[in-house]
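Everything below concerns the one structure shown next.
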Amino acid sequence: MKDPMLVVKNLKVSYKLKDRVVRAVRGVSFKLVEGQSLCIVGESGCGKSTLGYAISVSLPPNAVIEEGEILVNGVNILKTDPVTVRGKLVSLIPQDVGAALSPLNTIGEVFADVLGSIGGGRDSSLKVASDILKSLGFSDPQRILKSYPHELSGGMLQRVLIALAISLNPKVIIADEPTSMVDASLRREVVDLINTIRYNYSVTTIIITHDIAIAPSLCDITAVMYAGKIVEIGPSKSLIEKPLHPYTKMLSKSIPRIMKLVELKPIPGLPPDLGSPIKGCPFAPRCPDVVGDLCYNVEPEEYRAGGRSVYCHLYGGASHDTISA
Amino acid sequence: MTRYLLEALNVSVYYALKRGLLGGAIYDVKALDDVTLRIEEGESLGIVGESGSGKSTLAKCFAGLIKPASGKIMYKGRDIYSLKGEDYREYRRSVQIVFQNPHTSLNPMMRVRDTLKDVLKASGKWGKDGERKLAELMKAVGLREDILNMYPMELSGGQAQRVAIARALAVEPKVLILDEPTSALDVSVQAQILELLKSLKKTYGLTYVFISHDIAVVRYMSDRIVVMHKGKIVEEGPSSDIIENPKHEYTRSLIRDLIKLYAHIEEIST
């Protein structure tokens, strides 16, 4: 087994608000080796974006890392100057591509700025930029470099941002909801693009998305997050085909299929308020398979089987064999 | 009297991209190019297409928000631009539109209660029983009554979209034009809103024009599907025919792309 490229150890992140503290990430751990890719799936407010911001050292000022470690290639990035981490070790591809770039600068100026930070001159920077843009399928990179963001379509901007993210050869790339605000037809293009950089640059990728169905076409591993914790993690394909956690099962039933008309079953209720303490399993109040008081009082531990981990009392006790992932 | 509730007859719309010295368009884009579409009372029509296909422009034409450069929009067999007085008001009440992003389509300075009250007052439906009407609306869209006192900013995306639907329902419309109503929402919230829309259609006997770029969602919501591409209708027919036996290459590519991306979830038995 190779040394892990990214290690997240018991990470806890809170937001300090005026009158209370919201615990957005409540203890998340995982490891990825070089070139591996992870999808983090969950509903709004489950902490998936906060986790992504923490790993890319771009948390908002009112966020506090309470506990935990993030190691990239052996470097603890929480104890390192962010300037040496951002873009160089970890890059973030933001969700809102339209708002991500300064409207007053050409794409070329942005590249020169970014590549200049590692000491590249303007001309050599533009040459590098043009090569990257070409490798991502732009037939006329010179025109793109001379363009302003508003002159490009959403799909092109998405590609430019991916090019920027890989321009300093980071070890880890995080994409926040890369497929959610795009058209179904463009979605396919974005997926292909992310897979291209994964293989061509052998970069470790993390994709944050609410769309569990897209996970197998993007990532080797999928983690399902609920109320600030991972509730299930394992190889994407088997996780989708045979979900174990009741929450994962219900998520996949809320997606409309194309070829078969299957009735959608929305998950009743709302996720818990992360500003108040949570007792027991956070999903218990919405869960159809509650096994009694245990779920409301005791936080479920990790149960492992076939490369999968699931945090649910259904799989507790003596019956470990019931998990056959 | 025609059996169609809404019709678009040979409708074209142009957007000027560049204007000359005297304001005349020197270069424009055909957003809609000679489109004819008829909607029957009580049906659920789905319109699918990519960004720029003209589907939202067509929705706005039906809602009377964009006047076509040529062609006619008919409501109950009469040109909406020839309607006067009470006839015109009846059309505007009967055809309501729900937009994609509820946080930008609701007034951020108004509490939910005032947003709904305004609409009821403007349509002459506010009276002594006003408060009861507000409570009924909230119940219909599955929201707690205390949400009436909140501002849109305090609501989640799903809650805000329910308020937008309540606002459309307040004037007792016949047709709801739903322009990508779930595209800005999580899949789990999307499922809740789709189920809500299905049950509202049954309860109030509504006619739906459901617009989305996601052909799976459109299929789930519609009896009949219209596929749009570059301002034209390229294919239309009953939903199951369009999905199982697509004739146009563009429709086929829409379905193929989605199947490829979602192969694993498609295969799961139910």
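Identifiers in this document derive from the order of the structure tokens: chains are assigned A, B, ..., residues are numbered from 1 separately in each chain, and ligands are numbered from 1 in order of occurrence.
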
- Enumerate as an MDAnalysis selection string the residues belonging to chain A that approach chain B to within 9 Å, with only C-alpha atoms taken into account. chainID A and resid 42:44 180:188 191 210:218 237 240:242 250:268

Go ahead and dump the residues you just picked, N, CA and C atoms, as a CSV table (one decimal), in the first residue's frame.
```
chain,number,residue,atom,x,y,z
A,42,GLY,N,-24.1,14.6,0.3
A,42,GLY,CA,-25.0,14.9,1.4
A,42,GLY,C,-25.9,16.1,1.1
A,43,GLU,N,-26.9,16.3,2.0
A,43,GLU,CA,-27.8,17.4,1.8
A,43,GLU,C,-27.2,18.7,2.2
A,44,SER,N,-27.8,19.9,1.8
A,44,SER,CA,-27.4,21.2,2.2
A,44,SER,C,-27.3,21.2,3.7
A,180,SER,N,-23.6,20.8,-10.2
A,180,SER,CA,-25.0,21.1,-9.8
A,180,SER,C,-25.6,22.3,-10.5
A,181,MET,N,-24.9,23.3,-10.9
A,181,MET,CA,-25.6,24.4,-11.5
A,181,MET,C,-25.5,24.3,-13.1
A,182,VAL,N,-24.9,23.2,-13.5
A,182,VAL,CA,-24.8,23.0,-15.0
A,182,VAL,C,-25.9,22.2,-15.6
A,183,ASP,N,-26.2,22.5,-16.8
A,183,ASP,CA,-27.1,21.7,-17.6
A,183,ASP,C,-26.8,20.2,-17.7
A,184,ALA,N,-27.8,19.4,-17.9
A,184,ALA,CA,-27.6,18.0,-17.9
A,184,ALA,C,-26.6,17.6,-19.0
A,185,SER,N,-26.6,18.3,-20.2
A,185,SER,CA,-25.7,18.0,-21.3
A,185,SER,C,-24.3,18.4,-21.0
A,186,LEU,N,-24.2,19.5,-20.3
A,186,LEU,CA,-22.8,20.0,-19.9
A,186,LEU,C,-22.2,19.2,-18.8
A,187,ARG,N,-23.1,18.6,-18.0
A,187,ARG,CA,-22.7,17.8,-16.9
A,187,ARG,C,-21.8,16.7,-17.3
A,188,ARG,N,-22.1,16.1,-18.4
A,188,ARG,CA,-21.3,15.0,-19.0
A,188,ARG,C,-19.9,15.5,-19.3
A,191,VAL,N,-17.9,16.0,-16.1
A,191,VAL,CA,-17.4,14.8,-15.6
A,191,VAL,C,-16.2,14.2,-16.3
A,210,HIS,N,-24.4,17.0,-4.0
A,210,HIS,CA,-25.5,16.5,-3.4
A,210,HIS,C,-26.1,15.4,-4.2
A,211,ASP,N,-25.5,15.1,-5.4
A,211,ASP,CA,-26.1,14.2,-6.3
A,211,ASP,C,-25.4,12.8,-6.2
A,212,ILE,N,-26.0,11.9,-5.3
A,212,ILE,CA,-25.3,10.7,-5.1
A,212,ILE,C,-25.2,9.8,-6.3
A,213,ALA,N,-26.2,10.0,-7.3
A,213,ALA,CA,-26.2,9.1,-8.4
A,213,ALA,C,-25.0,9.3,-9.3
A,214,ILE,N,-24.4,10.5,-9.3
A,214,ILE,CA,-23.3,10.8,-10.2
A,214,ILE,C,-22.0,10.3,-9.6
A,215,ALA,N,-21.9,9.9,-8.4
A,215,ALA,CA,-20.7,9.5,-7.7
A,215,ALA,C,-19.9,8.5,-8.5
A,216,PRO,N,-20.5,7.4,-8.9
A,216,PRO,CA,-19.7,6.3,-9.5
A,216,PRO,C,-19.0,6.8,-10.8
A,217,SER,N,-19.6,7.7,-11.5
A,217,SER,CA,-18.9,8.2,-12.7
A,217,SER,C,-17.8,9.1,-12.5
A,218,LEU,N,-17.6,9.6,-11.2
A,218,LEU,CA,-16.6,10.6,-10.9
A,218,LEU,C,-15.5,10.0,-9.9
A,237,LYS,N,-19.2,2.3,-6.5
A,237,LYS,CA,-20.2,1.5,-7.2
A,237,LYS,C,-21.0,0.6,-6.3
A,240,ILE,N,-23.5,2.6,-4.1
A,240,ILE,CA,-24.7,3.0,-4.7
A,240,ILE,C,-25.6,1.8,-5.0
A,241,GLU,N,-25.0,0.7,-5.4
A,241,GLU,CA,-25.8,-0.5,-5.8
A,241,GLU,C,-26.4,-1.2,-4.5
A,242,LYS,N,-25.6,-1.1,-3.5
A,242,LYS,CA,-26.1,-1.8,-2.3
A,242,LYS,C,-25.8,-1.0,-1.0
A,250,MET,N,-32.2,6.0,1.4
A,250,MET,CA,-33.3,7.0,1.1
A,250,MET,C,-32.8,8.0,0.1
A,251,LEU,N,-31.6,8.4,0.2
A,251,LEU,CA,-31.0,9.4,-0.8
A,251,LEU,C,-31.2,8.9,-2.2
A,252,SER,N,-30.8,7.6,-2.4
A,252,SER,CA,-30.9,7.1,-3.7
A,252,SER,C,-32.3,6.9,-4.2
A,253,LYS,N,-33.3,6.9,-3.3
A,253,LYS,CA,-34.7,6.7,-3.8
A,253,LYS,C,-35.3,8.1,-4.1
A,254,SER,N,-34.5,9.2,-3.9
A,254,SER,CA,-35.1,10.5,-4.2
A,254,SER,C,-34.6,11.0,-5.5
A,255,ILE,N,-34.0,10.1,-6.3
A,255,ILE,CA,-33.5,10.6,-7.7
A,255,ILE,C,-34.4,10.0,-8.8
A,256,PRO,N,-34.9,10.9,-9.6
A,256,PRO,CA,-35.8,10.4,-10.7
A,256,PRO,C,-34.9,9.6,-11.7
A,257,ARG,N,-35.4,8.4,-12.2
A,257,ARG,CA,-34.8,7.6,-13.2
A,257,ARG,C,-35.3,8.0,-14.6
A,258,ILE,N,-34.5,7.6,-15.6
A,258,ILE,CA,-35.0,8.0,-16.9
A,258,ILE,C,-35.8,6.8,-17.5
A,259,MET,N,-35.2,5.6,-17.6
A,259,MET,CA,-35.8,4.6,-18.3
A,259,MET,C,-37.0,3.9,-17.6
A,260,LYS,N,-36.9,3.9,-16.3
A,260,LYS,CA,-38.0,3.3,-15.6
A,260,LYS,C,-38.8,4.4,-14.8
A,261,LEU,N,-40.1,4.4,-14.8
A,261,LEU,CA,-40.8,5.4,-14.0
A,261,LEU,C,-41.0,4.8,-12.6
A,262,VAL,N,-40.1,5.3,-11.7
A,262,VAL,CA,-40.2,4.8,-10.3
A,262,VAL,C,-40.7,5.9,-9.4
A,263,GLU,N,-41.6,5.6,-8.5
A,263,GLU,CA,-42.1,6.7,-7.7
A,263,GLU,C,-41.0,7.2,-6.7
A,264,LEU,N,-40.9,8.5,-6.6
A,264,LEU,CA,-39.9,9.1,-5.7
A,264,LEU,C,-40.4,9.0,-4.3
A,265,LYS,N,-39.4,8.7,-3.4
A,265,LYS,CA,-39.8,8.7,-2.0
A,265,LYS,C,-39.0,9.8,-1.2
A,266,PRO,N,-39.5,11.0,-1.1
A,266,PRO,CA,-38.7,12.0,-0.4
A,266,PRO,C,-38.5,11.6,1.1
A,267,ILE,N,-37.3,12.0,1.7
A,267,ILE,CA,-37.0,11.7,3.1
A,267,ILE,C,-37.9,12.7,3.9
A,268,PRO,N,-38.7,12.2,4.8
A,268,PRO,CA,-39.5,13.1,5.6
A,268,PRO,C,-38.6,13.9,6.6
```

- Go through region 217-269 of chain A and collect every residue that DSSP, computed from the backbone, puts in strand (DSSP E); the answer should be as a list of chain:residue names.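 Selecting the strand (DSSP E) positions of region 217-269 of chain A gives A:Ile221, A:Thr222, A:Ala223, A:Val224, A:Met225, A:Tyr226, A:Lys229, A:Ile230, A:Val231, A:Glu232, A:Ile233, A:Gly234, A:Pro235.
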
Just N, CA, C and O atoms for this one: save the residues we selected as a PDB file, in the first residue's frame.
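Just written: out09.pdb:
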```
ATOM      1  N   ILE A 221     -14.218   6.311  -4.491  1.00  0.00           N
ATOM      2  CA  ILE A 221     -14.790   6.130  -3.160  1.00  0.00           C
ATOM      3  C   ILE A 221     -15.871   7.179  -2.935  1.00  0.00           C
ATOM      4  O   ILE A 221     -15.747   8.307  -3.408  1.00  0.00           O
ATOM      5  N   THR A 222     -16.917   6.803  -2.223  1.00  0.00           N
ATOM      6  CA  THR A 222     -17.950   7.770  -1.884  1.00  0.00           C
ATOM      7  C   THR A 222     -18.159   7.778  -0.370  1.00  0.00           C
ATOM      8  O   THR A 222     -18.213   6.717   0.257  1.00  0.00           O
ATOM      9  N   ALA A 223     -18.233   8.988   0.178  1.00  0.00           N
ATOM     10  CA  ALA A 223     -18.562   9.140   1.591  1.00  0.00           C
ATOM     11  C   ALA A 223     -19.885   9.878   1.681  1.00  0.00           C
ATOM     12  O   ALA A 223     -20.075  10.899   1.031  1.00  0.00           O
ATOM     13  N   VAL A 224     -20.820   9.347   2.467  1.00  0.00           N
ATOM     14  CA  VAL A 224     -22.103  10.014   2.666  1.00  0.00           C
ATOM     15  C   VAL A 224     -22.037  10.740   3.998  1.00  0.00           C
ATOM     16  O   VAL A 224     -21.718  10.134   5.028  1.00  0.00           O
ATOM     17  N   MET A 225     -22.300  12.050   3.969  1.00  0.00           N
ATOM     18  CA  MET A 225     -22.232  12.836   5.204  1.00  0.00           C
ATOM     19  C   MET A 225     -23.621  13.207   5.674  1.00  0.00           C
ATOM     20  O   MET A 225     -24.513  13.494   4.884  1.00  0.00           O
ATOM     21  N   TYR A 226     -23.809  13.179   6.983  1.00  0.00           N
ATOM     22  CA  TYR A 226     -25.070  13.619   7.562  1.00  0.00           C
ATOM     23  C   TYR A 226     -24.766  14.307   8.888  1.00  0.00           C
ATOM     24  O   TYR A 226     -24.052  13.744   9.720  1.00  0.00           O
ATOM     25  N   LYS A 229     -21.054  14.434  10.050  1.00  0.00           N
ATOM     26  CA  LYS A 229     -20.272  13.199  10.174  1.00  0.00           C
ATOM     27  C   LYS A 229     -20.437  12.323   8.945  1.00  0.00           C
ATOM     28  O   LYS A 229     -21.451  12.410   8.257  1.00  0.00           O
ATOM     29  N   ILE A 230     -19.447  11.461   8.722  1.00  0.00           N
ATOM     30  CA  ILE A 230     -19.599  10.461   7.677  1.00  0.00           C
ATOM     31  C   ILE A 230     -20.451   9.323   8.245  1.00  0.00           C
ATOM     32  O   ILE A 230     -20.153   8.809   9.319  1.00  0.00           O
ATOM     33  N   VAL A 231     -21.529   8.957   7.536  1.00  0.00           N
ATOM     34  CA  VAL A 231     -22.365   7.853   8.031  1.00  0.00           C
ATOM     35  C   VAL A 231     -22.082   6.555   7.287  1.00  0.00           C
ATOM     36  O   VAL A 231     -22.370   5.473   7.772  1.00  0.00           O
ATOM     37  N   GLU A 232     -21.540   6.703   6.060  1.00  0.00           N
ATOM     38  CA  GLU A 232     -21.178   5.511   5.296  1.00  0.00           C
ATOM     39  C   GLU A 232     -20.095   5.886   4.300  1.00  0.00           C
ATOM     40  O   GLU A 232     -20.154   6.941   3.681  1.00  0.00           O
ATOM     41  N   ILE A 233     -19.084   5.018   4.162  1.00  0.00           N
ATOM     42  CA  ILE A 233     -18.021   5.284   3.190  1.00  0.00           C
ATOM     43  C   ILE A 233     -17.551   3.958   2.602  1.00  0.00           C
ATOM     44  O   ILE A 233     -17.480   2.951   3.313  1.00  0.00           O
ATOM     45  N   GLY A 234     -17.305   3.975   1.284  1.00  0.00           N
ATOM     46  CA  GLY A 234     -16.848   2.753   0.630  1.00  0.00           C
ATOM     47  C   GLY A 234     -16.715   2.957  -0.863  1.00  0.00           C
ATOM     48  O   GLY A 234     -16.969   4.062  -1.357  1.00  0.00           O
ATOM     49  N   PRO A 235     -16.332   1.902  -1.602  1.00  0.00           N
ATOM     50  CA  PRO A 235     -16.212   2.005  -3.059  1.00  0.00           C
ATOM     51  C   PRO A 235     -17.533   2.475  -3.666  1.00  0.00           C
ATOM     52  O   PRO A 235     -18.595   1.951  -3.318  1.00  0.00           O
TER      53      PRO A 235
END
```

- Task: Using DSSP on the backbone, list every residue of region 167-308 of chain A that comes out as alpha helix (DSSP H), and give them as a PyMOL selection string.
- Result: chain A and resi 184-200+215-218+236-241+246-252+293-297

- Distance criterion (only C-alpha atoms): nearest to Leu106 (chain B) out of B:Ala31, B:Val141, B:Ala160, B:Leu176: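 Closest candidate: B:Ala160.
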
- Task: Write out as a list in words which residues come within 7 Å of region 54-59 of chain B when counting only C-alpha atoms, dropping same-chain ones fewer than 6 positions away.
- Result: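 Here the answer would be Ala31, Leu32, Ile47, Ile177, Asp179, Ile211, Met228, Lys230 and Gly231 of chain B.
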
- Which one of B:Lys247, B:Lys198, B:Lys84, B:Lys121 sits closest to Ser44 (chain B) if you count only C-alpha atoms? B:Lys198

- Item | Val291 (chain A) surroundings by only C-alpha atoms, 10 Å radius, close-in-sequence under 6 positions cut, as a list in words | Ala284, Cys312, His313 and Leu314 of chain A

Can I get the selection written as a tab-separated table (two decimals), in the first residue's frame, with all heavy atoms?
```tsv
chain	number	residue	atom	x	y	z
A	284	ALA	N	-31.68	9.34	13.51
A	284	ALA	CA	-32.77	8.58	14.15
A	284	ALA	C	-34.16	9.20	13.96
A	284	ALA	O	-35.11	8.48	13.61
A	284	ALA	CB	-32.46	8.35	15.62
A	312	CYS	N	-24.14	2.69	11.92
A	312	CYS	CA	-25.56	2.48	12.12
A	312	CYS	C	-25.77	1.30	13.05
A	312	CYS	O	-25.11	0.28	12.92
A	312	CYS	CB	-26.23	2.21	10.77
A	312	CYS	SG	-27.96	1.79	10.90
A	313	HIS	N	-26.70	1.44	14.00
A	313	HIS	CA	-26.96	0.37	14.98
A	313	HIS	C	-27.56	-0.89	14.36
A	313	HIS	O	-27.52	-1.95	14.97
A	313	HIS	CB	-27.88	0.88	16.09
A	313	HIS	CG	-27.19	1.84	17.01
A	313	HIS	ND1	-26.07	1.51	17.72
A	313	HIS	CD2	-27.46	3.13	17.33
A	313	HIS	CE1	-25.68	2.55	18.44
A	313	HIS	NE2	-26.50	3.55	18.20
A	314	LEU	N	-28.14	-0.75	13.14
A	314	LEU	CA	-28.69	-1.94	12.48
A	314	LEU	C	-27.65	-3.03	12.33
A	314	LEU	O	-27.97	-4.21	12.31
A	314	LEU	CB	-29.15	-1.58	11.06
A	314	LEU	CG	-30.52	-0.97	10.82
A	314	LEU	CD1	-30.69	-0.76	9.33
A	314	LEU	CD2	-31.60	-1.89	11.35
```

- Task: Between CA of Gly27 (chain A) and CA of Gly280 (chain A), measure the distance and give it in Å to one decimal.
- Result: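 Separation of CA of Gly27 (chain A) and CA of Gly280 (chain A): 14.6 Å.
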
- Message: With only C-alpha atoms as the counted atoms, please give the residues lying no more than 9 Å from Val11 (chain B), apart from itself and same-chain residues fewer than 4 positions off, as a ChimeraX atom specification.
- Response: /B:32-36,58,61,68-73

- Item | Long-range neighbours of Lys139 (chain B) as a PyMOL selection string, 12 Å cut-off, only C-alpha atoms, 4 positions minimum in chain | chain B and resi 132-135+143-148+162-163+165-166+169+196+200

Would you put the residues from that selection into a file with C-alpha atoms, as an mmCIF file, in the first residue's frame?
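The resulting file, result.cif, is shown below:
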```cif
data_model
loop_
_atom_site.group_PDB
_atom_site.id
_atom_site.type_symbol
_atom_site.label_atom_id
_atom_site.label_comp_id
_atom_site.auth_asym_id
_atom_site.auth_seq_id
_atom_site.Cartn_x
_atom_site.Cartn_y
_atom_site.Cartn_z
ATOM 1 C CA ARG B 132 -57.600 32.098 7.183
ATOM 2 C CA LYS B 133 -56.638 32.148 3.483
ATOM 3 C CA LEU B 134 -52.989 32.636 4.426
ATOM 4 C CA ALA B 135 -53.146 29.695 6.809
ATOM 5 C CA LEU B 143 -45.212 24.938 5.583
ATOM 6 C CA ARG B 144 -45.687 25.826 9.254
ATOM 7 C CA GLU B 145 -47.718 28.981 9.875
ATOM 8 C CA ASP B 146 -44.899 30.739 11.745
ATOM 9 C CA ILE B 147 -43.012 30.944 8.450
ATOM 10 C CA LEU B 148 -45.468 33.721 7.496
ATOM 11 C CA ARG B 162 -42.765 26.428 -1.368
ATOM 12 C CA VAL B 163 -43.496 30.102 -0.622
ATOM 13 C CA ILE B 165 -45.561 28.151 -5.131
ATOM 14 C CA ALA B 166 -47.971 29.473 -2.472
ATOM 15 C CA LEU B 169 -51.560 29.499 -5.944
ATOM 16 C CA LEU B 196 -45.846 18.493 -3.607
ATOM 17 C CA LEU B 200 -51.331 20.158 -5.839
#
```

- Message: Rounded to one decimal, what separation in Å do you get between CA of Ser53 (chain B) and CA of His229 (chain B)?
- Response: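 Going from CA of Ser53 (chain B) over to CA of His229 (chain B) covers 4.6 Å.
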
- Message: Rounded to one decimal, what separation in Å do you get between CA of Pro271 (chain A) and CA of Ser58 (chain A)?
- Response: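 Result for CA of Pro271 (chain A) versus CA of Ser58 (chain A): 25.2 Å, one decimal.
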